[in-house]
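See structure below.
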Amino acid sequence: MDIVYQVVALLLYTPLIFVAMAGVGWGILGGALPGISPSIAMALLLPLTYGMDPGLAIVLLASTYVGAEYGGSIPAILINTPGTNAAAATVLDGYEMQKQGRGGEALGISLYSGVLGGLFGLTMLILLTKQLSEVALAFTPMAYFSLGVLGLSVIVSLSGESLLKGFAAALLGLMVATVGSDPISGVSRFTYDQPELLDGIAPILVMVGLFAVSELLRQASVPVWDKPMGEGARLKLPDGPMRRRLIKPQLLGSVIGTVEGVMPGAGGTIASFMSYNEARRWSKNKDEFGKGSPEGVAAPETANNTVAATALVPVLSFGIPGSNSAAILLGGLLVHGLLPGPRLFEENSGIVIGLYTGLFVATLSLLALGMLILPVCLWLVKRPKAYLMAFIYVLVFSGIYSIDQSLFDLGLVLGAGIVGFFMRLAGFPFLPAVLGVVLGYLVESNFRRSLVLSGGDHTIFLEDSISLGLLIVAGIFIIGSLSARMWAGWRSLRGGSASGSV
Amino acid sequence: MFNLVSKIIVVLVLVITGHVAVAQDSYPRELITLITHSSPGGGSDIFLRQLARFLGPELGVDIVVKNIRGGSGARAVAELISSPADGSTFYAYTPTIVHTSLLSAPAYTYQDLEPLVNVFFDQAVVYTSSTSPFGTLNDVIETARIRRGRWGASTPASLERQALEQLKSVTGVVPAIVTHEGGGDLLLNVLNGTLDIGVGEAQEIRSQLEAGRIRLLAVFSENRMKGLPNVPTVKEFGYDLVLTKFRGLAGPPGTPPAITAALETAIQHLLDSSEYRAVYEEAMLTASYMPHEEFERFIGTFAAETESFLRNTGVIQ
């Protein structure tokens with residue numbers, strides 16, 4: 001009863017609702033701008049929160065995170081460019097839908113799934129923080145390595161028509177991930193004495209280059225611009241039959257998102273790729289995936305919004321930030337002299353209750369703000385292509401530049417764009433490369449850390465039970481996807497009617 | 001016009017945070033910018049923002065903190081060097097830029113900076129899970145003689161790893177020294193029993209210490225910490241190892257001696273004030289005032305030691 005009173009008081013007597021909405025609005029904007037990641041959007045706000053009431057400051061930051069994780073899907077669907085790392089998997093079917101003139105429907109599905117995912121994650125956060133923190137604790141370096149391998153196993157099914165090209169693209173991504181200080185010994189690798197490269201190349205730069213810049217280059221090289229947008233480009237929330245169809249991918253997305261979210265370092269990108277993959281595996285309409293499947297939008301978008309809530313578990317229970325965004329939130333707590341950890345729940349329960357209430361308001365206002373903002377976005381992409389392209393160029397480059405005011409980063413994005421342009425020409429898929437960049441560091445550093453622990457004995461990966469389990473699952477995935485591919489290839493040879501597994 | 005706008009913003013910020021500066025005419029500038037390479041909310045950022053709250057009224061000036069990230073400190077230092085040496089801009093000097101200078105070739109290195117005054121040492125502590133069998137640092141070392149010890153440090157180029165490598169060589173045991181991405185994943189691996197011990201900043205493990213999930217075995221400081229009188233120093237176990245993770249202020253080369261002197265006096269005075277003391281002792285920082293000349297000598301020794309550590313461990317050739 002006491003808690004109910006506290007929540008009502010927070011809602012009525014403090015500006016909590018406005019703060020949460022402001023955070024979400026700013027977050028959607030930041031997430032939707034390619035290059036401005038959730039953590040950057042939060043970092044830009046952080047100095048403003050120093051003078052605020054600590055409870056409201058945390059709500060503002062957390063709502064920004066919620067908004068940004070959702071906002072990333074908007075450019076992924078509309079202009080083939082994920083606004084955040086975790087929205088990369090949404091590009092696959094979201095942009096296909098947009099090309100078919102179903103962009104409004106795709107945006108509606110991602111908004112609806114995002115809100116559901118956010119509510120699910122929040123429920124898990126409130127009810128199971130203690131249990132989930134034990135999950136995070138059970139992950140040793142060996143288990144992280146195997147988790148990364150499991151993530152990489154998705155490459156087999158993301159490779160499009162040619163497995164070889166998929167592997168080549170993944171290898172390219174893994175190579176990019178080796179740039180920077182060696183994770184175990186500290187030796188500088190491929191940095192050519194540039195201090196900008198010491199921390200490695202940020203995946204967001206590679207992604208913006210590969211997707212956005214290469215798309216712009218391609219568009220510029222097409223003499224007559226096609227006009228994909230026509231009827232049905234209105235925002236459309238899913239109706240009854242569609243909602244029933246989306247239950248399965250959303251359930252997969254929220255469960256995977258909950259588990260991945262609590263692990264420091266793993267985060268939203270693995271969650272969204274894996275739930276995309278699982279949604280396809282268990283779908284009745286497998287063939288639609290990659291050609292504009294609503295389920296292919298729902299699964300990753302549910303997952304990455306679930307992660308936005310459960311990623312708070314390690315911050316609140318250990319004071320350990322699992323991602324850059326969580327690190328900013330941690331900074332926000334520390335500045336106000338609040339020490340996250342088990343004692344936060346006892347000594348500052350007001351802050352925690354405020355945070356949960358704020359997250360709830362934020363998730364709901366996602367729906368309202370989304371319905372306000374999305375029609376504007378849809379209108380924007382219906383402008384004549386020449387204006388649209390120029391606008392996107394400016395958006396992308398100013399976004400990247402505004403992160404650190406670094407021309408070096410702009411150069412990296414342009415370089416990645418040129419590589420992406422030629423990959424497009426030669427028919428290499430981008431997503432394996434993105435997975436390689438995102439997971440390369442996780443896989444490599446934990447592989448080598450484990451071997452330092454064991455003194456070079458590789459059986460350590462089989463002794464850890466979680467690691468062993470994940471490796472077995474990865475093995476089953478790889479064999480399953482490969483045999484499905486071979487089966488499809490054999491069938492198309494026999495029957496002559498092509499029905500690829502992607 | 002721009003000047004006016006920025007002044008209004010500064011005043012607003014100060015009013016909002018409730019710390020309106022009282023002008024004392026003792027310092028030649030009205031506005032000081034403190035630069036850090038740390039992101040908002042990071043260690044150096046919090047250090048500067050808390051310092052600014054007290055240093056502003058002390059000097060009778062307005063202070064703003066500016067985060068210039070990227071290049072592991074190289075860009076922040078480049079910005080400082082291009083600022084006028086008139087006491088209007090300082091940089092939060094930490095070991096980071098020394099490491100960056102040794103590991104890569106930034107346009108300006110730590111040698112281009114003028115160390116002005118040191119304020120704190122961060123304390124590195126040896127900790128273990130409260131469910132582990134280790135009662136003292138000696139237990140850990142003796143265990144490492146019987147089986148392969150598992151010792152954890154944060155990043156590969158960190159001072160904490162340096163300390164463990166030194167401990168390894170003076171004790172003659174051969175444990176695995178496992179480096180991490182930072183203090184966070186290290187703490188998890190100590191908590192879940194993957195590692196025997198971890199070495200980290202006292203600040204990072206504070207919440208788990210209060211929750212009773214970890215136990216402190218030793219501290220790498222000259223004397224026992226005020227906040228932790230029961231934790232022995234590594235020196236007390238007979239190993240002469242002291243970690244000096246400094247936090248100070250640097251200026252552009254050629255900073256006038258009058259400015260340096262004003263800063264020295266102000267910092268000394270602040271460190272003795274009870275209000276500031278409460279803030280920094282809560283954050284487990286140890287006051288380690290060093291005036292300009294001493295700080296300069298200290299940096300020279302520190303950089304030489306760091307360089308030889310990085311060479312001996314094969315990090316640089």
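All residue names refer to the structure tokens as shown: chains lettered A, B, ... in order, residues numbered from 1 in each chain, ligands numbered from 1 in order.
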Interface residues on chain B facing chain A, 8 Å, only C-alpha atoms, written as number ranges by chain: B: 13, 16-17, 39-42, 46, 68-72, 74, 100, 103-106, 150, 155-157, 176-181, 184-185, 188-189, 191-192, 194, 207-208, 210-211, 314-316
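Of the listed residues A:Gln100, A:Asn305, A:Ile204, A:Leu372, the one whose atoms come nearest to Leu412 of chain A is A:Ile204, with distances taken using only C-alpha atoms.
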Within 9 Å of Val156 of chain A using only C-alpha atoms, minus same-chain residues under 4 positions, as a ChimeraX atom specification: /A:152,160,163,166-167,432,477-478,481-482
Spatial neighbours of Ala153 of chain B, max dist 6 Å, only C-alpha atoms, sep filter under 4 positions, as a list in words: Glu160, Arg161, Thr179, Gly198 and Val199 of chain B
Requested write-out: N, CA and C atoms of the selected residues, as a PDB file, in the first residue's frame:
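Here's the written file selection-v4.pdb:
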ATOM      1  N   GLU B 160      47.138  -1.389 -12.532  1.00  0.00           N
ATOM      2  CA  GLU B 160      46.796  -2.554 -11.716  1.00  0.00           C
ATOM      3  C   GLU B 160      47.499  -3.805 -12.237  1.00  0.00           C
ATOM      4  N   ARG B 161      47.542  -3.934 -13.582  1.00  0.00           N
ATOM      5  CA  ARG B 161      48.253  -5.089 -14.125  1.00  0.00           C
ATOM      6  C   ARG B 161      49.746  -4.961 -13.807  1.00  0.00           C
ATOM      7  N   THR B 179      43.821 -10.159 -17.871  1.00  0.00           N
ATOM      8  CA  THR B 179      43.400  -8.771 -18.040  1.00  0.00           C
ATOM      9  C   THR B 179      41.964  -8.718 -18.548  1.00  0.00           C
ATOM     10  N   GLY B 198      41.249 -10.004  -7.460  1.00  0.00           N
ATOM     11  CA  GLY B 198      41.267  -8.953  -8.448  1.00  0.00           C
ATOM     12  C   GLY B 198      41.943  -7.737  -7.838  1.00  0.00           C
ATOM     13  N   VAL B 199      42.535  -6.901  -8.699  1.00  0.00           N
ATOM     14  CA  VAL B 199      43.068  -5.633  -8.227  1.00  0.00           C
ATOM     15  C   VAL B 199      42.302  -4.536  -8.930  1.00  0.00           C
TER      16      VAL B 199
END
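Residues in contact range of Val98 of chain B, defined as at most 9 Å between only C-alpha atoms, with sequence neighbours fewer than 4 positions away removed, read B:Thr94, B:Leu102, B:Leu103, B:Thr109, B:Tyr110, B:Gln111, B:Ile299, B:Phe302, B:Ala303, B:Thr306.
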I need the chosen residues saved as a PDB file, in the first residue's frame, with C-alpha atoms.
ATOM      1  CA  THR B  94      45.761  11.054 -15.276  1.00  0.00           C
ATOM      2  CA  LEU B 102      53.753   5.474 -25.135  1.00  0.00           C
ATOM      3  CA  LEU B 103      51.400   3.195 -27.111  1.00  0.00           C
ATOM      4  CA  THR B 109      52.248  13.740 -25.910  1.00  0.00           C
ATOM      5  CA  TYR B 110      52.354  13.977 -22.135  1.00  0.00           C
ATOM      6  CA  GLN B 111      55.756  15.646 -22.532  1.00  0.00           C
ATOM      7  CA  ILE B 299      55.648  12.475 -13.799  1.00  0.00           C
ATOM      8  CA  PHE B 302      56.244   7.649 -13.463  1.00  0.00           C
ATOM      9  CA  ALA B 303      56.604   7.747 -17.239  1.00  0.00           C
ATOM     10  CA  THR B 306      55.594   2.799 -17.105  1.00  0.00           C
TER      11      THR B 306
END
Helix (DSSP H, G or I) positions in segment 8-105 of chain B, given as a PyMOL selection string: chain B and resi 8-17+43-59+71-81+95-103
Would you mind writing down, as a compact mmCIF listing (two decimals) with N, CA, C and O atoms, in the first residue's frame, each residue of segment 44-85 of chain B that DSSP on the backbone assigns to strand (DSSP E or B)?
# COMPACT_ATOMS: atom_id res chain seq x y z
N ASP B 62 34.19 31.49 -12.34
CA ASP B 62 33.24 30.49 -12.80
C ASP B 62 34.03 29.37 -13.47
O ASP B 62 35.02 29.63 -14.15
N ILE B 63 33.56 28.15 -13.28
CA ILE B 63 34.27 27.01 -13.87
C ILE B 63 33.32 26.17 -14.68
O ILE B 63 32.21 25.86 -14.22
N VAL B 64 33.71 25.82 -15.90
CA VAL B 64 32.93 24.86 -16.68
C VAL B 64 33.81 23.66 -17.00
O VAL B 64 35.02 23.78 -17.12
N VAL B 65 33.16 22.50 -17.10
CA VAL B 65 33.88 21.28 -17.44
C VAL B 65 33.53 20.91 -18.87
O VAL B 65 32.37 20.99 -19.27
N LYS B 66 34.55 20.55 -19.65
CA LYS B 66 34.33 20.24 -21.06
C LYS B 66 34.86 18.85 -21.34
O LYS B 66 36.02 18.55 -21.02
N ASN B 67 34.02 17.99 -21.90
CA ASN B 67 34.45 16.63 -22.22
C ASN B 67 34.89 16.58 -23.69
O ASN B 67 34.08 16.86 -24.57
Selected residue, from B:Asn223, B:Thr244, B:Gln123, B:Ser308, that lies nearest to Glu204 of chain B when counting only C-alpha atoms: B:Gln123
Could you give me, as a short mmCIF file (atom, residue, chain, number, x, y, z; two decimals) with N, CA and C atoms, in the first residue's frame, the residues within 10 Å of Thr306 of chain A, counting only C-alpha atoms and dropping anything in the same chain fewer than 2 positions from it?
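Wrote it out as part-v1.cif, contents follow:
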data_model
loop_
_atom_site.label_atom_id
_atom_site.label_comp_id
_atom_site.auth_asym_id
_atom_site.auth_seq_id
_atom_site.Cartn_x
_atom_site.Cartn_y
_atom_site.Cartn_z
N VAL A 66 15.28 4.16 -23.52
CA VAL A 66 14.11 3.46 -24.06
C VAL A 66 13.75 4.03 -25.44
N GLU A 69 16.45 3.17 -28.21
CA GLU A 69 16.45 1.79 -28.69
C GLU A 69 15.32 1.59 -29.69
N SER A 113 5.54 -3.71 -31.35
CA SER A 113 6.42 -4.71 -30.75
C SER A 113 7.37 -4.10 -29.74
N GLY A 114 7.84 -2.89 -30.06
CA GLY A 114 8.75 -2.22 -29.14
C GLY A 114 8.08 -1.94 -27.80
N VAL A 115 6.86 -1.47 -27.84
CA VAL A 115 6.15 -1.17 -26.60
C VAL A 115 5.92 -2.45 -25.81
N LEU A 116 5.47 -3.53 -26.50
CA LEU A 116 5.26 -4.79 -25.79
C LEU A 116 6.56 -5.31 -25.19
N GLY A 117 7.64 -5.25 -25.99
CA GLY A 117 8.94 -5.71 -25.51
C GLY A 117 9.38 -4.90 -24.30
N GLY A 118 9.18 -3.59 -24.36
CA GLY A 118 9.57 -2.73 -23.25
C GLY A 118 8.79 -3.08 -21.99
N LEU A 119 7.50 -3.32 -22.13
CA LEU A 119 6.68 -3.66 -20.96
C LEU A 119 7.10 -5.01 -20.39
N PHE A 120 7.39 -5.96 -21.28
CA PHE A 120 7.82 -7.28 -20.81
C PHE A 120 9.14 -7.17 -20.04
N GLY A 121 10.08 -6.44 -20.65
CA GLY A 121 11.38 -6.28 -20.00
C GLY A 121 11.26 -5.62 -18.65
N LEU A 122 10.38 -4.62 -18.59
CA LEU A 122 10.20 -3.89 -17.34
C LEU A 122 9.62 -4.81 -16.27
N THR A 123 8.65 -5.64 -16.66
CA THR A 123 8.07 -6.59 -15.71
C THR A 123 9.16 -7.52 -15.17
N MET A 124 9.99 -8.01 -16.08
CA MET A 124 11.09 -8.89 -15.65
C MET A 124 12.02 -8.16 -14.70
N LEU A 125 12.32 -6.89 -15.03
CA LEU A 125 13.23 -6.10 -14.20
C LEU A 125 12.67 -5.94 -12.80
N GLY A 253 11.31 -12.98 -29.09
CA GLY A 253 12.12 -11.78 -28.93
C GLY A 253 12.24 -11.36 -27.47
N SER A 254 11.12 -11.43 -26.73
CA SER A 254 11.20 -10.93 -25.36
C SER A 254 11.97 -11.88 -24.45
N VAL A 255 11.85 -13.18 -24.69
CA VAL A 255 12.61 -14.12 -23.85
C VAL A 255 14.11 -13.99 -24.14
N ILE A 256 14.46 -13.99 -25.43
CA ILE A 256 15.88 -13.86 -25.78
C ILE A 256 16.41 -12.52 -25.29
N GLY A 257 15.61 -11.46 -25.45
CA GLY A 257 16.03 -10.14 -25.01
C GLY A 257 16.26 -10.08 -23.51
N THR A 258 15.41 -10.74 -22.74
CA THR A 258 15.57 -10.72 -21.29
C THR A 258 16.90 -11.34 -20.88
N VAL A 259 17.20 -12.51 -21.44
CA VAL A 259 18.42 -13.22 -21.04
C VAL A 259 19.67 -12.49 -21.52
N GLU A 260 19.66 -12.04 -22.79
CA GLU A 260 20.85 -11.38 -23.34
C GLU A 260 21.07 -10.02 -22.67
N GLY A 261 19.96 -9.37 -22.32
CA GLY A 261 20.08 -8.04 -21.76
C GLY A 261 20.84 -8.00 -20.45
N GLY A 268 22.03 -5.80 -26.88
CA GLY A 268 20.92 -5.81 -27.80
C GLY A 268 21.21 -6.39 -29.18
N ALA A 271 20.96 -10.12 -29.25
CA ALA A 271 19.57 -10.47 -28.97
C ALA A 271 18.71 -10.28 -30.21
N SER A 272 18.88 -9.16 -30.92
CA SER A 272 17.98 -8.93 -32.04
C SER A 272 18.30 -9.88 -33.20
N PRO A 300 13.11 -8.83 -33.86
CA PRO A 300 14.25 -8.04 -33.37
C PRO A 300 13.82 -6.79 -32.61
N GLU A 301 12.71 -6.17 -33.02
CA GLU A 301 12.29 -4.95 -32.34
C GLU A 301 11.75 -5.23 -30.94
N THR A 302 11.11 -6.38 -30.75
CA THR A 302 10.71 -6.75 -29.39
C THR A 302 11.96 -6.98 -28.56
N ALA A 303 12.92 -7.70 -29.16
CA ALA A 303 14.12 -8.07 -28.41
C ALA A 303 14.89 -6.83 -27.96
N ASN A 304 15.17 -5.88 -28.88
CA ASN A 304 16.04 -4.80 -28.44
C ASN A 304 15.35 -3.84 -27.47
N ALA A 308 16.50 -2.98 -23.44
CA ALA A 308 16.63 -1.64 -22.85
C ALA A 308 16.23 -1.66 -21.37
N ALA A 309 15.31 -2.55 -20.99
CA ALA A 309 14.93 -2.62 -19.58
C ALA A 309 15.83 -3.57 -18.80
N THR A 310 16.05 -4.78 -19.33
CA THR A 310 16.80 -5.75 -18.52
C THR A 310 18.29 -5.41 -18.45
N ALA A 311 18.78 -4.56 -19.36
CA ALA A 311 20.19 -4.15 -19.27
C ALA A 311 20.45 -3.37 -17.99
#
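Atom to atom, atom CA of Gly103 of chain A and atom CA of Ala87 of chain A stand 15.5 Å apart.
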Which of A:Ala326, A:Leu111, A:Ile460, A:Val434 sits closest to Leu366 of chain A [using only C-alpha atoms]: A:Leu111
Residues within 7 Å of segment 265-272 of chain B, only C-alpha atoms, excluding chain neighbours under 2 positions, as a ChimeraX atom specification: /B:58-59,261-263,274,276-277,287,289
Restricted to all heavy atoms, what would the selected residues look like written as a compact mmCIF listing (two decimals), in the first residue's frame?
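File produced: part.txt:
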# COMPACT_ATOMS: atom_id res chain seq x y z
N GLU B 58 36.49 29.18 -4.35
CA GLU B 58 37.82 29.37 -3.75
C GLU B 58 38.62 30.41 -4.54
O GLU B 58 39.24 31.29 -3.96
CB GLU B 58 38.54 28.02 -3.73
CG GLU B 58 39.95 28.04 -3.20
CD GLU B 58 40.02 28.24 -1.69
OE1 GLU B 58 39.05 27.85 -1.01
OE2 GLU B 58 41.02 28.79 -1.22
N LEU B 59 38.59 30.30 -5.89
CA LEU B 59 39.35 31.23 -6.71
C LEU B 59 38.53 32.46 -7.07
O LEU B 59 39.07 33.43 -7.62
CB LEU B 59 39.80 30.54 -8.01
CG LEU B 59 40.89 29.48 -7.91
CD1 LEU B 59 41.11 28.83 -9.26
CD2 LEU B 59 42.20 30.07 -7.40
N ALA B 261 51.06 29.22 -8.83
CA ALA B 261 51.09 29.45 -7.38
C ALA B 261 49.67 29.60 -6.82
O ALA B 261 49.34 29.04 -5.77
CB ALA B 261 51.92 30.69 -7.07
N ALA B 262 48.83 30.32 -7.57
CA ALA B 262 47.45 30.52 -7.11
C ALA B 262 46.73 29.18 -7.02
O ALA B 262 45.97 28.91 -6.08
CB ALA B 262 46.70 31.46 -8.06
N LEU B 263 46.98 28.33 -8.04
CA LEU B 263 46.35 27.02 -8.08
C LEU B 263 46.85 26.14 -6.93
O LEU B 263 46.07 25.45 -6.26
CB LEU B 263 46.68 26.37 -9.43
CG LEU B 263 45.68 25.38 -10.00
CD1 LEU B 263 44.31 26.02 -10.13
CD2 LEU B 263 46.17 24.88 -11.34
N SER B 274 36.87 20.87 5.32
CA SER B 274 36.11 19.69 5.76
C SER B 274 35.02 19.32 4.75
O SER B 274 34.71 18.15 4.58
CB SER B 274 35.51 19.93 7.14
OG SER B 274 34.74 21.11 7.11
N TYR B 276 35.02 19.62 1.37
CA TYR B 276 35.57 18.88 0.24
C TYR B 276 36.08 17.52 0.70
O TYR B 276 35.94 16.52 0.02
CB TYR B 276 36.69 19.71 -0.42
CG TYR B 276 37.14 19.16 -1.76
CD1 TYR B 276 36.20 18.74 -2.70
CD2 TYR B 276 38.49 19.07 -2.10
CE1 TYR B 276 36.60 18.22 -3.94
CE2 TYR B 276 38.89 18.57 -3.32
CZ TYR B 276 37.94 18.15 -4.24
OH TYR B 276 38.34 17.65 -5.45
N ARG B 277 36.65 17.49 1.90
CA ARG B 277 37.18 16.23 2.42
C ARG B 277 36.07 15.17 2.49
O ARG B 277 36.27 14.02 2.13
CB ARG B 277 37.80 16.44 3.80
CG ARG B 277 38.46 15.20 4.38
CD ARG B 277 38.80 15.39 5.84
NE ARG B 277 39.70 16.51 6.04
CZ ARG B 277 41.04 16.38 6.02
NH1 ARG B 277 41.57 15.21 5.80
NH2 ARG B 277 41.81 17.42 6.21
N ALA B 287 43.95 12.21 -0.62
CA ALA B 287 44.56 13.51 -0.92
C ALA B 287 46.06 13.33 -1.05
O ALA B 287 46.70 12.77 -0.16
CB ALA B 287 44.22 14.51 0.18
N TYR B 289 48.59 15.95 -2.29
CA TYR B 289 48.98 17.23 -2.85
C TYR B 289 50.45 17.21 -3.26
O TYR B 289 51.32 16.80 -2.49
CB TYR B 289 48.72 18.34 -1.83
CG TYR B 289 49.35 19.65 -2.22
CD1 TYR B 289 48.78 20.41 -3.24
CD2 TYR B 289 50.49 20.11 -1.58
CE1 TYR B 289 49.36 21.61 -3.62
CE2 TYR B 289 51.06 21.32 -1.95
CZ TYR B 289 50.50 22.06 -2.97
OH TYR B 289 51.05 23.24 -3.34
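Minimum atom-to-atom distance to Thr178 of chain A, evaluated using only C-alpha atoms, belongs to A:Val438 out of A:Ile353, A:Met21, A:Leu359, A:Val438.
Using only C-alpha atoms, the nearest neighbour of Ile141 of chain B within the list B:Gln162, B:Thr171, B:Ser154, B:Thr33 is B:Thr171.
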Atomic separation - atom CA of Leu228 of chain B relative to atom CA of Ile197 of chain B, Å: 18.3 Å
